[in-house]
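Content type CSV, C-alpha atoms and all ligand atoms, from the file entry.csv:
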chain,number,residue,atom,x,y,z
A,8,MET,CA,21.5,14.6,21.1
A,9,THR,CA,19.6,12.0,23.2
A,10,THR,CA,20.3,8.3,23.0
A,11,VAL,CA,17.2,6.1,22.7
A,12,ALA,CA,16.5,2.4,22.2
A,13,ALA,CA,15.5,1.1,18.7
A,14,TYR,CA,15.4,-2.0,16.6
A,15,ALA,CA,17.5,-1.8,13.5
A,16,ALA,CA,18.6,-3.8,10.5
A,17,PRO,CA,22.5,-3.6,10.6
A,18,ALA,CA,22.8,-4.4,6.9
A,19,GLY,CA,20.6,-5.4,4.0
A,20,LYS,CA,18.8,-8.7,4.5
A,21,ALA,CA,20.2,-9.0,8.1
A,22,PRO,CA,17.7,-9.6,10.9
A,23,LEU,CA,16.7,-6.6,13.0
A,24,GLU,CA,18.2,-6.4,16.4
A,25,ARG,CA,18.0,-4.1,19.4
A,26,THR,CA,20.4,-1.1,19.4
A,27,THR,CA,20.5,2.5,20.3
A,28,ILE,CA,20.3,5.6,18.1
A,29,GLU,CA,20.6,9.4,18.6
A,30,ARG,CA,17.7,11.7,18.3
A,31,ARG,CA,18.2,15.4,17.8
A,32,GLU,CA,17.5,18.0,20.5
A,33,VAL,CA,14.0,19.4,20.4
A,34,GLY,CA,14.3,22.5,18.1
A,35,GLU,CA,12.0,25.5,18.1
A,36,ASN,CA,9.4,23.9,15.8
A,37,ASP,CA,9.9,20.3,17.0
A,38,VAL,CA,7.9,18.0,19.1
A,39,LEU,CA,9.3,15.0,21.0
A,40,ILE,CA,6.9,12.0,20.8
A,41,GLU,CA,7.2,9.1,23.2
A,42,ILE,CA,6.3,6.3,20.8
A,43,ARG,CA,3.7,3.8,22.1
A,44,PHE,CA,3.0,1.8,18.9
A,45,ALA,CA,4.6,1.3,15.5
A,46,GLY,CA,3.0,-0.6,12.6
A,47,ILE,CA,4.9,-2.9,10.3
A,48,CYS,CA,4.3,-1.9,6.7
A,49,HIS,CA,5.3,-4.2,3.8
A,50,SER,CA,7.5,-1.3,2.7
A,51,ASP,CA,9.6,-1.7,5.8
A,52,ILE,CA,10.5,-5.2,4.5
A,53,HIS,CA,11.2,-4.0,0.9
A,54,MET,CA,13.4,-1.4,2.3
A,55,ALA,CA,15.3,-3.4,5.0
A,56,ARG,CA,16.0,-6.2,2.5
A,57,GLU,CA,17.0,-3.7,-0.2
A,58,GLY,CA,14.3,-5.1,-2.5
A,59,TRP,CA,13.9,-1.6,-4.0
A,60,GLY,CA,17.7,-1.0,-4.3
A,61,GLU,CA,20.6,0.0,-2.2
A,62,ALA,CA,19.6,1.5,1.2
A,63,ILE,CA,21.3,3.2,4.2
A,64,PHE,CA,22.3,1.1,7.2
A,65,PRO,CA,21.8,0.7,10.0
A,66,MET,CA,18.1,1.2,9.3
A,67,VAL,CA,15.4,1.7,11.8
A,68,PRO,CA,12.2,1.1,9.8
A,69,GLY,CA,8.7,2.2,10.8
A,70,HIS,CA,6.5,4.9,9.4
A,71,GLU,CA,3.2,4.1,11.2
A,72,ILE,CA,3.9,5.8,14.5
A,73,ALA,CA,1.5,6.7,17.3
A,74,GLY,CA,2.5,8.1,20.6
A,75,VAL,CA,2.2,10.9,23.2
A,76,VAL,CA,3.9,14.4,23.0
A,77,THR,CA,6.3,14.8,25.9
A,78,GLU,CA,8.1,18.0,25.0
A,79,VAL,CA,7.4,20.9,22.6
A,80,GLY,CA,9.8,23.5,21.1
A,81,SER,CA,9.2,27.2,21.9
A,82,GLY,CA,7.6,27.9,18.5
A,83,VAL,CA,5.2,25.0,18.6
A,84,THR,CA,1.5,25.9,18.4
A,85,LYS,CA,-0.1,22.7,17.1
A,86,PHE,CA,0.6,20.5,20.1
A,87,GLU,CA,0.8,20.5,23.8
A,88,VAL,CA,2.5,18.0,26.1
A,89,GLY,CA,0.2,15.1,26.6
A,90,ASP,CA,-1.4,15.2,23.2
A,91,HIS,CA,-1.7,12.1,21.1
A,92,ALA,CA,0.3,12.4,17.9
A,93,GLY,CA,1.3,10.4,14.9
A,94,VAL,CA,4.0,10.4,12.3
A,95,GLY,CA,3.6,8.8,8.9
A,96,CYS,CA,6.0,8.3,5.9
A,97,MET,CA,7.5,11.8,5.7
A,98,VAL,CA,9.2,14.1,8.1
A,99,ASP,CA,10.0,17.1,5.9
A,100,SER,CA,9.8,18.5,2.3
A,101,CYS,CA,11.0,21.7,0.6
A,102,ARG,CA,7.7,23.5,1.5
A,103,GLU,CA,8.2,25.9,-1.5
A,104,CYS,CA,7.4,24.0,-4.6
A,105,ASP,CA,3.9,23.9,-6.2
A,106,ASN,CA,3.1,20.5,-4.8
A,107,CYS,CA,4.2,21.4,-1.3
A,108,LYS,CA,2.1,24.6,-1.4
A,109,ALA,CA,-0.8,22.6,-2.6
A,110,GLY,CA,-0.6,20.2,0.3
A,111,LEU,CA,0.9,17.4,-1.8
A,112,GLU,CA,4.2,17.2,0.1
A,113,GLN,CA,4.5,13.5,-0.8
A,114,TYR,CA,5.1,14.7,-4.4
A,115,CYS,CA,7.5,17.5,-3.4
A,116,ALA,CA,9.6,18.5,-6.5
A,117,LYS,CA,12.8,18.1,-4.5
A,118,GLY,CA,11.6,14.8,-3.0
A,119,ASN,CA,10.0,14.5,0.5
A,120,VAL,CA,12.3,13.4,3.3
A,121,GLN,CA,11.2,9.9,4.3
A,122,THR,CA,10.8,9.0,7.9
A,123,TYR,CA,13.6,6.5,7.8
A,124,GLY,CA,16.4,5.5,5.5
A,125,ALA,CA,16.7,9.0,4.1
A,126,VAL,CA,19.0,12.0,4.6
A,127,GLY,CA,17.2,15.0,6.1
A,128,ARG,CA,17.7,18.6,5.1
A,129,ASP,CA,20.0,18.9,8.1
A,130,GLY,CA,22.2,16.2,6.5
A,131,GLU,CA,21.4,13.6,9.1
A,132,VAL,CA,20.1,10.1,8.4
A,133,THR,CA,16.4,9.6,9.4
A,134,TYR,CA,15.4,6.8,11.8
A,135,GLY,CA,11.8,5.5,11.9
A,136,GLY,CA,9.3,4.3,14.4
A,137,TYR,CA,10.8,1.0,15.7
A,138,SER,CA,12.1,3.1,18.5
A,139,THR,CA,11.0,4.6,21.9
A,140,HIS,CA,11.0,8.3,20.9
A,141,ILE,CA,11.1,10.5,17.8
A,142,VAL,CA,11.7,14.2,17.3
A,143,VAL,CA,9.7,15.7,14.4
A,144,ASP,CA,8.8,19.1,13.0
A,145,GLN,CA,5.3,19.9,14.1
A,146,ASP,CA,4.3,20.5,10.5
A,147,PHE,CA,4.8,16.8,9.8
A,148,ALA,CA,3.2,15.5,13.0
A,149,LEU,CA,-0.5,14.6,13.0
A,150,ARG,CA,-3.1,14.9,15.7
A,151,ILE,CA,-4.6,11.6,16.6
A,152,PRO,CA,-8.3,12.2,17.6
A,153,ASP,CA,-9.4,11.2,21.1
A,154,GLY,CA,-11.8,8.6,19.8
A,155,LEU,CA,-9.0,6.5,18.3
A,156,SER,CA,-6.9,4.1,20.4
A,157,LEU,CA,-3.2,4.6,19.6
A,158,ASP,CA,-2.6,0.9,18.8
A,159,VAL,CA,-5.2,0.7,16.1
A,160,ALA,CA,-4.5,4.3,14.9
A,161,ALA,CA,-0.8,3.6,14.2
A,162,PRO,CA,-1.4,1.8,10.9
A,163,LEU,CA,-3.6,4.6,9.6
A,164,LEU,CA,-0.5,6.7,9.2
A,165,CYS,CA,0.5,4.7,6.2
A,166,ALA,CA,-2.0,2.0,5.3
A,167,GLY,CA,-4.9,4.3,6.1
A,168,ILE,CA,-3.8,7.4,4.1
A,169,THR,CA,-2.4,5.3,1.2
A,170,THR,CA,-5.9,3.9,0.6
A,171,TYR,CA,-7.9,6.9,1.6
A,172,SER,CA,-6.2,9.3,-0.8
A,173,PRO,CA,-6.8,7.4,-4.0
A,174,LEU,CA,-10.3,6.4,-2.9
A,175,LYS,CA,-11.2,10.0,-2.5
A,176,HIS,CA,-9.3,11.2,-5.6
A,177,TRP,CA,-11.1,8.7,-7.8
A,178,ASN,CA,-14.5,9.4,-6.1
A,179,ALA,CA,-15.3,6.1,-4.4
A,180,GLY,CA,-18.7,6.7,-2.9
A,181,PRO,CA,-22.4,5.9,-3.3
A,182,GLY,CA,-23.2,4.3,-6.7
A,183,LYS,CA,-19.6,3.3,-7.3
A,184,LYS,CA,-18.4,-0.3,-7.6
A,185,VAL,CA,-15.0,-0.5,-6.1
A,186,ALA,CA,-12.7,-3.6,-5.9
A,187,VAL,CA,-9.9,-3.9,-3.5
A,188,LEU,CA,-7.2,-6.2,-4.7
A,189,GLY,CA,-5.2,-7.9,-1.9
A,190,MET,CA,-6.5,-7.9,1.6
A,191,GLY,CA,-3.4,-7.3,3.7
A,192,GLY,CA,-2.5,-4.2,5.7
A,193,LEU,CA,-3.4,-1.7,3.0
A,194,GLY,CA,-6.2,-3.8,1.5
A,195,HIS,CA,-8.1,-4.2,4.7
A,196,MET,CA,-8.0,-0.5,5.4
A,197,GLY,CA,-9.1,0.1,1.8
A,198,VAL,CA,-12.2,-2.1,2.4
A,199,LYS,CA,-13.1,-0.3,5.6
A,200,ILE,CA,-12.7,3.2,4.1
A,201,ALA,CA,-14.4,2.4,0.8
A,202,HIS,CA,-17.3,1.0,2.7
A,203,ALA,CA,-17.5,4.1,5.0
A,204,LEU,CA,-17.4,6.3,1.9
A,205,GLY,CA,-20.6,4.5,0.7
A,206,ALA,CA,-19.1,2.5,-2.2
A,207,GLU,CA,-20.2,-1.1,-3.1
A,208,VAL,CA,-17.0,-3.0,-2.2
A,209,THR,CA,-15.6,-6.2,-3.6
A,210,VAL,CA,-12.5,-7.9,-2.3
A,211,LEU,CA,-10.3,-9.7,-4.8
A,212,SER,CA,-8.0,-12.0,-2.8
A,213,GLN,CA,-5.8,-14.9,-3.8
A,214,SER,CA,-8.1,-17.3,-1.9
A,215,LEU,CA,-11.4,-17.3,0.1
A,216,ARG,CA,-9.4,-17.9,3.3
A,217,LYS,CA,-10.2,-14.4,4.6
A,218,LYS,CA,-13.7,-14.1,3.2
A,219,ASP,CA,-15.6,-14.0,6.6
A,220,ASP,CA,-13.3,-11.2,7.8
A,221,GLY,CA,-13.6,-9.3,4.5
A,222,LEU,CA,-17.4,-9.3,4.8
A,223,LYS,CA,-17.2,-8.2,8.4
A,224,LEU,CA,-14.9,-5.4,7.6
A,225,GLY,CA,-17.5,-4.0,5.1
A,226,ALA,CA,-17.1,-5.8,1.8
A,227,ASP,CA,-20.3,-6.7,-0.1
A,228,HIS,CA,-18.6,-9.4,-2.2
A,229,TYR,CA,-15.5,-11.5,-2.0
A,230,TYR,CA,-13.8,-13.4,-4.8
A,231,ALA,CA,-10.7,-15.6,-5.2
A,232,THR,CA,-8.4,-14.6,-8.0
A,233,SER,CA,-7.0,-18.1,-8.1
A,234,ASP,CA,-10.4,-19.1,-9.6
A,235,PRO,CA,-10.4,-18.4,-13.4
A,236,GLU,CA,-14.2,-18.1,-13.2
A,237,THR,CA,-13.8,-14.9,-11.1
A,238,PHE,CA,-12.5,-13.2,-14.2
A,239,GLU,CA,-15.3,-14.4,-16.4
A,240,LYS,CA,-17.9,-13.4,-13.9
A,241,LEU,CA,-16.6,-10.0,-13.1
A,242,ARG,CA,-15.6,-8.8,-16.6
A,243,GLY,CA,-16.5,-5.1,-17.0
A,244,SER,CA,-17.8,-4.7,-13.4
A,245,PHE,CA,-15.9,-2.0,-11.6
A,246,ASP,CA,-15.6,1.7,-11.7
A,247,LEU,CA,-12.4,1.5,-9.7
A,248,ILE,CA,-9.9,-1.2,-8.7
A,249,LEU,CA,-7.4,-0.3,-6.0
A,250,SER,CA,-4.4,-2.7,-6.2
A,251,THR,CA,-2.5,-3.1,-2.9
A,252,VAL,CA,-0.6,-6.2,-4.0
A,253,SER,CA,3.1,-6.3,-3.1
A,254,ALA,CA,4.1,-8.6,-5.9
A,255,PRO,CA,4.0,-8.2,-9.7
A,256,LEU,CA,0.6,-9.1,-11.2
A,257,ASP,CA,-1.0,-9.6,-14.6
A,258,PHE,CA,-2.5,-6.2,-14.7
A,259,GLY,CA,-4.1,-6.9,-18.1
A,260,ALA,CA,-6.4,-9.5,-16.5
A,261,TYR,CA,-7.5,-6.9,-13.8
A,262,LEU,CA,-8.0,-4.1,-16.4
A,263,SER,CA,-10.6,-6.4,-18.1
A,264,LEU,CA,-12.7,-6.2,-14.9
A,265,LEU,CA,-13.2,-2.4,-15.3
A,266,LYS,CA,-16.2,-0.8,-16.9
A,267,THR,CA,-15.6,1.7,-19.8
A,268,ASP,CA,-13.7,4.7,-18.3
A,269,GLY,CA,-12.9,2.7,-15.2
A,270,ALA,CA,-9.6,3.2,-13.4
A,271,LEU,CA,-7.1,0.7,-11.9
A,272,VAL,CA,-5.1,2.5,-9.3
A,273,ASN,CA,-2.0,0.8,-8.1
A,274,VAL,CA,-0.5,1.5,-4.7
A,275,GLY,CA,1.4,-1.8,-4.3
A,276,ALA,CA,5.1,-1.4,-4.9
A,277,PRO,CA,6.5,-4.7,-6.2
A,278,GLU,CA,10.3,-5.1,-6.5
A,279,GLU,CA,10.1,-6.2,-10.2
A,280,PRO,CA,8.7,-4.4,-13.2
A,281,ILE,CA,5.5,-5.7,-15.0
A,282,SER,CA,4.8,-6.0,-18.7
A,283,LEU,CA,1.5,-5.0,-20.1
A,284,ASN,CA,-0.2,-5.3,-23.4
A,285,LEU,CA,-1.5,-1.7,-24.0
A,286,PHE,CA,-4.6,-3.0,-25.7
A,287,SER,CA,-5.9,-3.6,-22.2
A,288,VAL,CA,-6.3,0.2,-21.7
A,289,ILE,CA,-7.1,1.2,-25.2
A,290,GLY,CA,-10.3,-0.9,-25.3
A,291,GLY,CA,-12.7,0.8,-22.9
A,292,ARG,CA,-10.7,4.1,-22.5
A,293,LYS,CA,-9.3,2.8,-19.2
A,294,THR,CA,-6.9,4.4,-16.8
A,295,LEU,CA,-4.0,2.7,-15.1
A,296,ALA,CA,-2.7,5.0,-12.4
A,297,GLY,CA,-0.7,5.1,-9.2
A,298,SER,CA,-0.8,6.9,-6.0
A,299,MET,CA,1.7,7.5,-3.1
A,300,ILE,CA,0.6,8.0,0.5
A,301,GLY,CA,-1.1,11.4,0.9
A,302,GLY,CA,-0.3,15.0,1.9
A,303,ILE,CA,-0.2,16.1,5.6
A,304,ARG,CA,-3.5,18.0,5.3
A,305,GLU,CA,-5.2,15.0,3.8
A,306,THR,CA,-3.7,12.6,6.4
A,307,GLN,CA,-5.2,14.7,9.1
A,308,GLU,CA,-8.6,14.6,7.2
A,309,MET,CA,-8.3,10.8,7.0
A,310,LEU,CA,-7.6,10.5,10.8
A,311,ASP,CA,-10.6,12.7,11.6
A,312,PHE,CA,-12.7,10.7,9.1
A,313,CYS,CA,-11.6,7.4,10.7
A,314,ALA,CA,-12.4,8.7,14.2
A,315,GLU,CA,-15.8,9.9,13.1
A,316,HIS,CA,-16.6,6.4,11.5
A,317,GLY,CA,-15.0,4.4,14.3
A,318,ILE,CA,-12.4,3.0,11.9
A,319,GLY,CA,-9.1,1.6,13.2
A,320,ALA,CA,-6.8,-1.1,11.8
A,321,GLU,CA,-7.3,-4.8,12.7
A,322,ILE,CA,-4.0,-5.5,14.5
A,323,GLU,CA,-1.8,-8.2,16.0
A,324,LEU,CA,0.1,-6.6,18.8
A,325,ILE,CA,3.7,-8.0,19.0
A,326,SER,CA,6.7,-7.4,21.1
A,327,ALA,CA,9.8,-6.0,19.4
A,328,SER,CA,11.6,-9.3,19.7
A,329,GLU,CA,9.0,-10.8,17.3
A,330,ILE,CA,9.7,-8.3,14.4
A,331,ASN,CA,11.8,-10.8,12.3
A,332,GLU,CA,9.1,-13.5,12.7
A,333,ALA,CA,6.4,-10.9,11.8
A,334,TYR,CA,8.3,-10.0,8.6
A,335,GLU,CA,8.2,-13.7,7.5
A,336,ARG,CA,4.5,-13.9,8.1
A,337,VAL,CA,3.9,-10.7,6.1
A,338,LEU,CA,5.8,-12.2,3.2
A,339,ALA,CA,3.7,-15.3,3.4
A,340,SER,CA,0.4,-13.1,3.3
A,341,ASP,CA,-0.2,-14.4,6.8
A,342,VAL,CA,-1.1,-11.2,8.6
A,343,ARG,CA,-4.5,-10.3,10.1
A,344,TYR,CA,-4.2,-7.5,9.2
A,345,ARG,CA,-1.3,-5.4,10.5
A,346,PHE,CA,1.4,-6.2,13.0
A,347,VAL,CA,1.9,-3.4,15.5
A,348,ILE,CA,4.9,-3.3,17.8
A,349,ASP,CA,4.3,-2.4,21.4
A,350,ALA,CA,7.1,0.2,21.9
A,351,ALA,CA,7.2,-0.6,25.6
A,352,THR,CA,9.0,-3.8,24.6
A,353,ILE,CA,11.8,-2.1,22.6
A,401,LIG,P1,0.7,-6.8,2.9
A,401,LIG,O1,0.1,-6.6,4.2
A,401,LIG,O2,1.7,-7.9,2.7
A,401,LIG,O3,-0.5,-7.0,1.9
A,401,LIG,C1,-0.3,-7.3,0.5
A,401,LIG,C2,-1.4,-8.3,0.0
A,401,LIG,O4,-1.2,-8.5,-1.3
A,401,LIG,C3,-1.4,-9.7,0.7
A,401,LIG,O5,-2.0,-9.7,1.9
A,401,LIG,C4,-2.0,-10.5,-0.4
A,401,LIG,O6,-3.4,-10.4,-0.3
A,401,LIG,C5,-1.6,-9.8,-1.7
A,401,LIG,N1,-0.5,-10.6,-2.3
A,401,LIG,C6,0.8,-10.7,-1.8
A,401,LIG,N2,1.5,-11.4,-2.7
A,401,LIG,C7,0.8,-11.7,-3.7
A,401,LIG,C8,1.0,-12.4,-5.0
A,401,LIG,N3,2.1,-13.0,-5.3
A,401,LIG,N4,-0.1,-12.5,-5.8
A,401,LIG,C9,-1.3,-11.9,-5.6
A,401,LIG,N5,-1.5,-11.2,-4.4
A,401,LIG,C10,-0.5,-11.2,-3.5
A,401,LIG,O7,1.4,-5.5,2.4
A,401,LIG,P2,1.0,-3.9,2.7
A,401,LIG,O8,1.7,-3.4,3.8
A,401,LIG,O9,-0.5,-3.8,2.6
A,401,LIG,O10,1.7,-3.3,1.4
A,401,LIG,C11,1.3,-3.6,0.1
A,401,LIG,C12,2.2,-3.0,-1.0
A,401,LIG,O11,2.0,-1.6,-1.0
A,401,LIG,C13,3.7,-3.2,-0.7
A,401,LIG,O12,4.3,-3.4,-1.9
A,401,LIG,C14,4.1,-1.8,-0.1
A,401,LIG,O13,5.4,-1.5,-0.2
A,401,LIG,C15,3.2,-0.9,-0.9
A,401,LIG,N6,2.9,0.4,-0.3
A,401,LIG,C16,2.8,1.5,-1.1
A,401,LIG,C17,2.5,2.7,-0.6
A,401,LIG,C18,2.2,3.8,-1.5
A,401,LIG,O14,2.3,5.0,-1.0
A,401,LIG,N7,1.9,3.6,-2.7
A,401,LIG,C19,2.3,2.8,0.8
A,401,LIG,C20,2.4,1.7,1.6
A,401,LIG,C21,2.8,0.5,1.1
A,401,LIG,P3,-4.4,-11.6,-0.3
A,401,LIG,O15,-3.9,-12.6,0.8
A,401,LIG,O16,-5.7,-11.0,0.0
A,401,LIG,O17,-4.3,-12.2,-1.7
A,402,ZN,ZN,4.0,2.1,4.6
A,403,ZN,ZN,8.4,20.7,-2.3

How would this structure read if it were set down as structure tokens?
Ligand code: NAP
Ligand code: ZN
Ligand code: ZN
Amino acid sequence: MTTVAAYAAPAGKAPLERTTIERREVGENDVLIEIRFAGICHSDIHMAREGWGEAIFPMVPGHEIAGVVTEVGSGVTKFEVGDHAGVGCMVDSCRECDNCKAGLEQYCAKGNVQTYGAVGRDGEVTYGGYSTHIVVDQDFALRIPDGLSLDVAAPLLCAGITTYSPLKHWNAGPGKKVAVLGMGGLGHMGVKIAHALGAEVTVLSQSLRKKDDGLKLGADHYYATSDPETFEKLRGSFDLILSTVSAPLDFGAYLSLLKTDGALVNVGAPEEPISLNLFSVIGGRKTLAGSMIGGIRETQEMLDFCAEHGIGAEIELISASEINEAYERVLASDVRYRFVIDAATI
């Protein structure tokens, strides 16, 4: 075991504070990554404040991790010391079920092992990226291509893959009208990626405050959902709506914006359930679906795609002492567009 510095929530709803944690020794198939940057995902807040239910404390959140490999185990073939590497939302899975074999480790039949706040297959609690170092199995570490700076690459490990995977699965591309609902951390990546895939992109945001940014990031159109006229005007418009909203919404209203056979794919994970009149999907043979991050192979594909298209996240770099303040700003939809912690300040 090696003692390293970290920021942790000592209990549910308690502010995060500096502490130390133990990382395991580097095993045969492990890499040791010196963390340079860690993104703040809204999921970190849902988790640390127990919005999704009881959690394990102390909790070191963070599943958007980018750094440099500083040690490799004897069996490691994928990385060398000095390589840029990332870790996303999972650090292990059963590797034997049909989903794992198909590269869909996020849907592992036995449950994937999440990067923090989970119990690993070795029985130890996992700690995430708000830390100076992490030890991870090479199979769950990603190669960060040279063309991507580590600070803007970090958020790709969750926000990037969570939007890339459904956009690919539901065929966002030339000739497709795609709406991205909510322009925060996930949403702004959704705009960039859908645009790079060749789709016609519309942002549906609560207000027009971020319109200029949205158009710069690649959106063709930008509407405020606070304006009832938006729903009149856009009725029946979209092939695909990707909802990244962290709060419960009137999904019926958004389903009315789909064309016949269109799909509303939800990746937002609100803390409360929604209610829905099912006539909103019956009329127009519509699909309401969900999607969770992406598999390891697809995450690598996404990183390579982003490097090829020059796509990184728009970030506000903060020091670790600003984490609690950053959480409040995320909750107020006041983030442009991802807070990233400089791990040198931990
Ligand atoms: P975020 O940066 O806070 O962005 C969420 C956006 O949703 C906000 O910027 C805001 O966009 C909109 N929004 C917030 N509250 C709203 C409300 N009451 N009504 C309407 N719109 C509202 O959060 P994020 O990090 O992108 O994460 C978004 C959600 O996805 C979270 O619930 C997170 O847990 C979940 N998530 C899921 C996965 C997955 O695998 N499925 C992965 C990562 C995160 P505007 O200001 O543009 O309106
Ligand atoms: Zn996340
Ligand atoms: Zn499995």

(request) Work out how far CA of Ala333 in chain A is from CA of Lys20 in chain A, in Å to one decimal. (result) 14.6 Å

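Near ligand ZN 403 (chain A), the residues found within 6 Å are Ser100, Cys101, Arg102, Glu103, Cys104, Asn106, Cys107, Glu112, Cys115, Ala116 and Lys117 of chain A (criterion computed using only C-alpha atoms and all ligand atoms).
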
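For the pair CA of Leu149 in chain A and CA of Ala92 in chain A, the separation is 5.4 Å.
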
Check which residues of chain A sit at most 10 Å from ligand ZN 402 (chain A) using only C-alpha atoms and all ligand atoms, and return one row each with the closest pair of atoms and their distance in Å to one decimal, ordered by chain and rising number, as JSON lines.
{"residue": "A:Gly46", "atom": "CA", "partner": "A:ZN402", "partner_atom": "ZN", "distance": 8.5}
{"residue": "A:Ile47", "atom": "CA", "partner": "A:ZN402", "partner_atom": "ZN", "distance": 7.6}
{"residue": "A:Cys48", "atom": "CA", "partner": "A:ZN402", "partner_atom": "ZN", "distance": 4.5}
{"residue": "A:His49", "atom": "CA", "partner": "A:ZN402", "partner_atom": "ZN", "distance": 6.5}
{"residue": "A:Ser50", "atom": "CA", "partner": "A:ZN402", "partner_atom": "ZN", "distance": 5.2}
{"residue": "A:Asp51", "atom": "CA", "partner": "A:ZN402", "partner_atom": "ZN", "distance": 6.9}
{"residue": "A:Ile52", "atom": "CA", "partner": "A:ZN402", "partner_atom": "ZN", "distance": 9.8}
{"residue": "A:Pro68", "atom": "CA", "partner": "A:ZN402", "partner_atom": "ZN", "distance": 9.8}
{"residue": "A:Gly69", "atom": "CA", "partner": "A:ZN402", "partner_atom": "ZN", "distance": 7.8}
{"residue": "A:His70", "atom": "CA", "partner": "A:ZN402", "partner_atom": "ZN", "distance": 6.1}
{"residue": "A:Glu71", "atom": "CA", "partner": "A:ZN402", "partner_atom": "ZN", "distance": 6.9}
{"residue": "A:Gly95", "atom": "CA", "partner": "A:ZN402", "partner_atom": "ZN", "distance": 8.0}
{"residue": "A:Cys96", "atom": "CA", "partner": "A:ZN402", "partner_atom": "ZN", "distance": 6.6}
{"residue": "A:Pro162", "atom": "CA", "partner": "A:ZN402", "partner_atom": "ZN", "distance": 8.3}
{"residue": "A:Leu163", "atom": "CA", "partner": "A:ZN402", "partner_atom": "ZN", "distance": 9.4}
{"residue": "A:Leu164", "atom": "CA", "partner": "A:ZN402", "partner_atom": "ZN", "distance": 7.9}
{"residue": "A:Cys165", "atom": "CA", "partner": "A:ZN402", "partner_atom": "ZN", "distance": 4.6}
{"residue": "A:Ala166", "atom": "CA", "partner": "A:ZN402", "partner_atom": "ZN", "distance": 6.0}
{"residue": "A:Gly167", "atom": "CA", "partner": "A:ZN402", "partner_atom": "ZN", "distance": 9.3}
{"residue": "A:Ile168", "atom": "CA", "partner": "A:ZN402", "partner_atom": "ZN", "distance": 9.4}
{"residue": "A:Thr169", "atom": "CA", "partner": "A:ZN402", "partner_atom": "ZN", "distance": 7.9}
{"residue": "A:Gly192", "atom": "CA", "partner": "A:ZN402", "partner_atom": "ZN", "distance": 9.1}
{"residue": "A:Leu193", "atom": "CA", "partner": "A:ZN402", "partner_atom": "ZN", "distance": 8.5}
{"residue": "A:Met299", "atom": "CA", "partner": "A:ZN402", "partner_atom": "ZN", "distance": 9.7}
{"residue": "A:Ile300", "atom": "CA", "partner": "A:ZN402", "partner_atom": "ZN", "distance": 7.9}

(request) May I have the residues within 7 Å of ligand LIG 401 (chain A), computed using all atoms listed in the file, as a ChimeraX atom specification? (result) /A:48-50,53,165-166,169,188-194,211-214,251-256,274-277,298-300,337-338,340,342,344-345

(message) When you look at range 236-241 of chain A with a cut-off of 12 Å (counting all atoms listed in the file), what residues show up, excluding the ones that are within fewer than 2 positions of it in the same chain? I need them as a PyMOL selection string.
(response) chain A and resi 184-186+209-215+228-234+243-246+248+259-266

(message) Need to verify the contact set: Leu271 in chain A, 7 Å, only C-alpha atoms, exclusion of same-chain residues closer than 2 positions in sequence. Can you return it as a ChimeraX atom specification?
(response) /A:247-249,262,269,273,294-296

(message) Given all atoms listed in the file as the basis, pick out the residue of A:Ala12, A:Ala125, A:Val83, A:Leu222 nearest to Phe64 in chain A.
(response) A:Ala125

(request) In Å, rounded to a single decimal, give me how far CA of Glu305 in chain A is from CA of Thr170 in chain A. (result) 11.6 Å

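Residues in contact with Glu78 in chain A at 7 Å, where all atoms listed in the file are counted and same-chain residues fewer than 4 positions away are skipped, are listed as Val38, Leu39 and Val88 of chain A.
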
(message) Please list, as a PyMOL selection string, the residues that have an atom at most 8 Å away from (-10.0, 3.6, 3.8) in the coordinates of this file, counting only C-alpha atoms.
(response) chain A and resi 167-168+170-171+174+196-203

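With distances restricted to all atoms listed in the file, A:Ile151 is the closest residue to Glu308 in chain A from A:Ile151, A:His195, A:Asp349, A:Val208.
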
(request) Would you mind telling me which residue in A:Asp129, A:Glu41, A:Glu278, A:Glu332 lies nearest to Glu57 in chain A when using all atoms listed in the file? (result) A:Glu278

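Using only C-alpha atoms, the shortest contact distance between Gly297 in chain A and any of A:Pro181, A:Pro173, A:Pro280, A:Pro152 is found at A:Pro173.
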
(message) So that I can see what lies close to Gly319 in chain A, please list as a PyMOL selection string the residues with an atom at most 8 Å from it, counting all atoms listed in the file and leaving out residues fewer than 3 positions away in the same chain.
(response) chain A and resi 155-156+159-160+163+313-314

Per-residue nearest contacts range 44-158 of chain A to range 321-324 of chain A, cut-off 10 Å, using only C-alpha atoms, as a Markdown table:
| residue | atom | partner | partner_atom | distance |
| --- | --- | --- | --- | --- |
| A:Phe44 | CA | A:Leu324 | CA | 8.9 |
| A:Ala45 | CA | A:Leu324 | CA | 9.7 |
| A:Gly46 | CA | A:Ile322 | CA | 8.8 |
| A:Asp158 | CA | A:Ile322 | CA | 7.8 |

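Counting only C-alpha atoms and comparing A:Leu285, A:Ile40, A:Val187, A:Ala179, the residue that lies closest to Ala206 in chain A is A:Ala179.
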
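Proximity to Gly291 in chain A was assessed for A:Asp268, A:Glu87, A:Asp227, A:Asp311 counting all atoms listed in the file; the smallest distance is recorded for A:Asp268.
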